[in-house]
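Visitor: Pasting a structure below so you can have a look.
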Amino acid sequence: MKVPVIRLGPVSVYLGEKSGKYPDGNQVVVRGADTLAAFDTPLVANRLGDELLAADLVVLGHVHEDHMAGLHRLPGAPVYVHEADAEAARSWDGLARHYGYTPGVLAGMHAKIEREFHYAPRPDALAYAEGANWDLGGGVTVRAIHAPGHTSGHCVLLVEPGGIAFIGDIDLSSFGPYYGDATSSLAAFRGTLAAVKDIPARAWITSHHKGVITDRGTFLDLLAAFGSRLDAREEAIASFLRASPATLEELIAHRFVYPRDRDELFYEDVERRTIAQHLEALARAGRAREEDGRWHVV
């Protein structure tokens, strides 16, 4: 079946299954007069032909298994990764530190991503920094804007002309922001959500779910709803503690990120990292404290 495509000037967006819902994603390619660039390579990349295979270079907006699932098809193309995520692209050891999961979970995750995401590390990955610019020819350029939180190196990739922003895993989903890995940061994500509104864009492309948004009002509404999940999770944790002080392990067992009727090998580790960050935020705000291993609201 042919992959649906949306075109915005020099940008083509090839939509993955269910508008790129995880585990799939949306493949973005940008054509200049001299150079064809691919942004990330999700699972849908494995269904594309020359529209992907002719890519001269790949720019990763960040590193996670679902954004590397087509890199094995482009062994000769240079791969650029923000310096904070570069080691995660270069080796399994680097990616394992990036995840920060417990050893047993990491072993299962390694096997899973090799089996389901065609995982192949790129030891040749080239590091880029905030403000990096790629000139694709004919006036078409790409600029990297550091937007951490989801990962420490997560970036928005802004294409000109047209002000077309690939915002990656600021995916505007009803699930809300993900910041459950070792290099993720709740505080940084809050800062990114405030800053992304000021990027001079006129169209926004997400890795997952929403796909392409071309109306600023719609984008701002979706962004506000997406960001509201941060406060909703924090208030849910505070409410739970208000009813009964609890240990971190008891909070993890309750589940504040994932549904209790579903399970995946990394869920517990993600709950731990996510909840711990919210507890730290509540403590900094003077709203919670830890006493004898149990958390209390103040």
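All residue names refer to the structure tokens as shown: chains lettered A, B, ... in order, residues numbered from 1 in each chain, ligands numbered from 1 in order.
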Any idea what's packed within 12 Å of Ser173 in chain A, counting only C-alpha atoms, ignoring anything in its chain fewer than 5 positions away? Could you give it as an MDAnalysis selection string?

Guide: chainID A and resid 19:22 168 178 206:211 219 221:229

Visitor: Mind checking DSSP for range 32-230 of chain A and telling me the helix (DSSP H, G or I) residues as a PyMOL selection string?

Guide: chain A and resi 43-47+50-53+65-67+71-73+86-90+92-99+103-116+186-198+216-230

Visitor: Determine, for each residue of range 175-204 of chain A having at least one atom at most 12 Å from an atom of range 57-69 of chain A, the closest pair of atoms and their separation in Å to one decimal, counting only C-alpha atoms; order by chain and ascending number, as a tab-separated table.

Guide:
```
residue	atom	partner	partner_atom	distance
A:Tyr178	CA	A:His64	CA	11.9
A:Asp181	CA	A:His64	CA	10.2
A:Thr183	CA	A:Val63	CA	10.7
A:Ser184	CA	A:His62	CA	11.4
```

Visitor: Have a look at A:Gly149, A:Gly217, A:Gly286, A:Pro177 and name the one nearest to Ala232 in chain A; count only C-alpha atoms.

Guide: A:Pro177

Visitor: How would you write, as a VMD selection string, the set of residues in range 15-141 of chain A that DSSP gives as strand (DSSP E or B)?

Guide: chain A and resid 27 to 31 36 to 39 57 to 60 79 to 82 126 to 128 133 to 137 140 to 141

Visitor: Enter the distance from CA of Ile237 in chain A to CA of Pro103 in chain A, in Å, rounded to one decimal.

Guide: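 CA of Pro103 in chain A lies at a distance of 27.1 Å from CA of Ile237 in chain A.
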
Visitor: List every residue of range 89-205 of chain A that has an atom at most 7 Å from any atom of range 270-277 of chain A, giving for each one its closest atom pair and the distance in Å to one decimal, counting only C-alpha atoms, sorted by chain and then by ascending residue number, as JSON lines.

Guide:
```
{"residue": "A:Tyr179", "atom": "CA", "partner": "A:Thr274", "partner_atom": "CA", "distance": 6.4}
{"residue": "A:Gly180", "atom": "CA", "partner": "A:Val270", "partner_atom": "CA", "distance": 4.5}
{"residue": "A:Asp181", "atom": "CA", "partner": "A:Val270", "partner_atom": "CA", "distance": 6.5}
{"residue": "A:Leu186", "atom": "CA", "partner": "A:Gln277", "partner_atom": "CA", "distance": 6.5}
```

Visitor: Could you dump the residues just selected with all heavy atoms as a tab-separated table (two decimals), in the first residue's frame?

Guide:
```tsv
chain	number	residue	atom	x	y	z
A	179	TYR	N	9.05	12.00	29.60
A	179	TYR	CA	10.32	12.42	30.16
A	179	TYR	C	10.77	11.37	31.18
A	179	TYR	O	11.20	11.69	32.29
A	179	TYR	CB	10.20	13.82	30.82
A	179	TYR	CG	8.89	14.00	31.59
A	179	TYR	CD1	8.82	13.84	32.96
A	179	TYR	CD2	7.71	14.29	30.91
A	179	TYR	CE1	7.63	13.97	33.65
A	179	TYR	CE2	6.51	14.42	31.59
A	179	TYR	CZ	6.48	14.26	32.96
A	179	TYR	OH	5.27	14.37	33.63
A	180	GLY	N	10.71	10.10	30.74
A	180	GLY	CA	10.93	8.99	31.65
A	180	GLY	C	12.27	8.30	31.53
A	180	GLY	O	12.47	7.24	32.13
A	181	ASP	N	13.21	8.86	30.77
A	181	ASP	CA	14.53	8.25	30.62
A	181	ASP	C	15.57	8.99	31.46
A	181	ASP	O	15.32	10.08	31.98
A	181	ASP	CB	14.96	8.26	29.15
A	181	ASP	CG	14.11	7.35	28.28
A	181	ASP	OD1	13.29	6.59	28.82
A	181	ASP	OD2	14.27	7.42	27.05
A	186	LEU	N	11.95	16.81	33.32
A	186	LEU	CA	10.67	17.50	33.49
A	186	LEU	C	10.87	19.01	33.44
A	186	LEU	O	10.15	19.73	32.73
A	186	LEU	CB	10.03	17.09	34.81
A	186	LEU	CG	8.84	17.90	35.31
A	186	LEU	CD1	7.68	17.85	34.34
A	186	LEU	CD2	8.41	17.41	36.70
```

Visitor: Tell me which protein, DNA and RNA residues are within 9 Å of Gly138 in chain A, counting only C-alpha atoms, leaving out same-chain ones fewer than 5 positions away, and put them as JSON, numbers by chain.

Guide: {"A": [32, 33, 34]}

Visitor: May I ask which of the residues A:Ala285, A:Leu36, A:Leu193, A:Val257 is the closest one to Trp134 in chain A, counting only C-alpha atoms?

Guide: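 For Trp134 in chain A, the nearest of the given residues is A:Leu36.
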
Visitor: What's the separation between CA of Val159 in chain A and CA of Gly137 in chain A, in Å to one decimal place?

Guide: 12.2 Å

Visitor: Expressed in Å to a single decimal, how great is the separation between CA of Trp204 in chain A and CA of Gly49 in chain A?

Guide: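 Answer for the CA of Trp204 in chain A to CA of Gly49 in chain A separation: 24.7 Å.
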
Visitor: Can you pull out the residues contacting Ala129 in chain A? Cut-off 6 Å, using only C-alpha atoms, and skip same-chain residues under 2 positions away; I want them as a list in words.

Guide: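 Counting only C-alpha atoms, the residues come to His82, Glu83 and Ala132 of chain A.
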
Visitor: Store the residues picked out above, limited to all heavy atoms, as a short mmCIF file (atom, residue, chain, number, x, y, z; two decimals), in the first residue's frame.

Guide:
```
data_model
loop_
_atom_site.label_atom_id
_atom_site.label_comp_id
_atom_site.auth_asym_id
_atom_site.auth_seq_id
_atom_site.Cartn_x
_atom_site.Cartn_y
_atom_site.Cartn_z
N HIS A 82 22.37 15.77 17.69
CA HIS A 82 22.78 16.78 18.67
C HIS A 82 23.81 16.18 19.62
O HIS A 82 23.73 15.01 20.01
CB HIS A 82 21.58 17.29 19.46
CG HIS A 82 21.92 18.42 20.38
ND1 HIS A 82 22.40 18.23 21.66
CD2 HIS A 82 21.90 19.77 20.19
CE1 HIS A 82 22.63 19.39 22.23
NE2 HIS A 82 22.36 20.35 21.36
N GLU A 83 24.77 16.99 20.01
CA GLU A 83 25.90 16.52 20.82
C GLU A 83 25.47 15.84 22.11
O GLU A 83 26.15 14.92 22.59
CB GLU A 83 26.85 17.68 21.11
CG GLU A 83 26.20 18.86 21.81
CD GLU A 83 27.07 20.11 21.80
OE1 GLU A 83 28.18 20.06 21.23
OE2 GLU A 83 26.62 21.14 22.35
N ALA A 132 23.05 24.76 14.68
CA ALA A 132 23.65 24.14 13.49
C ALA A 132 22.76 24.40 12.29
O ALA A 132 21.52 24.42 12.39
CB ALA A 132 23.83 22.65 13.70
#
```
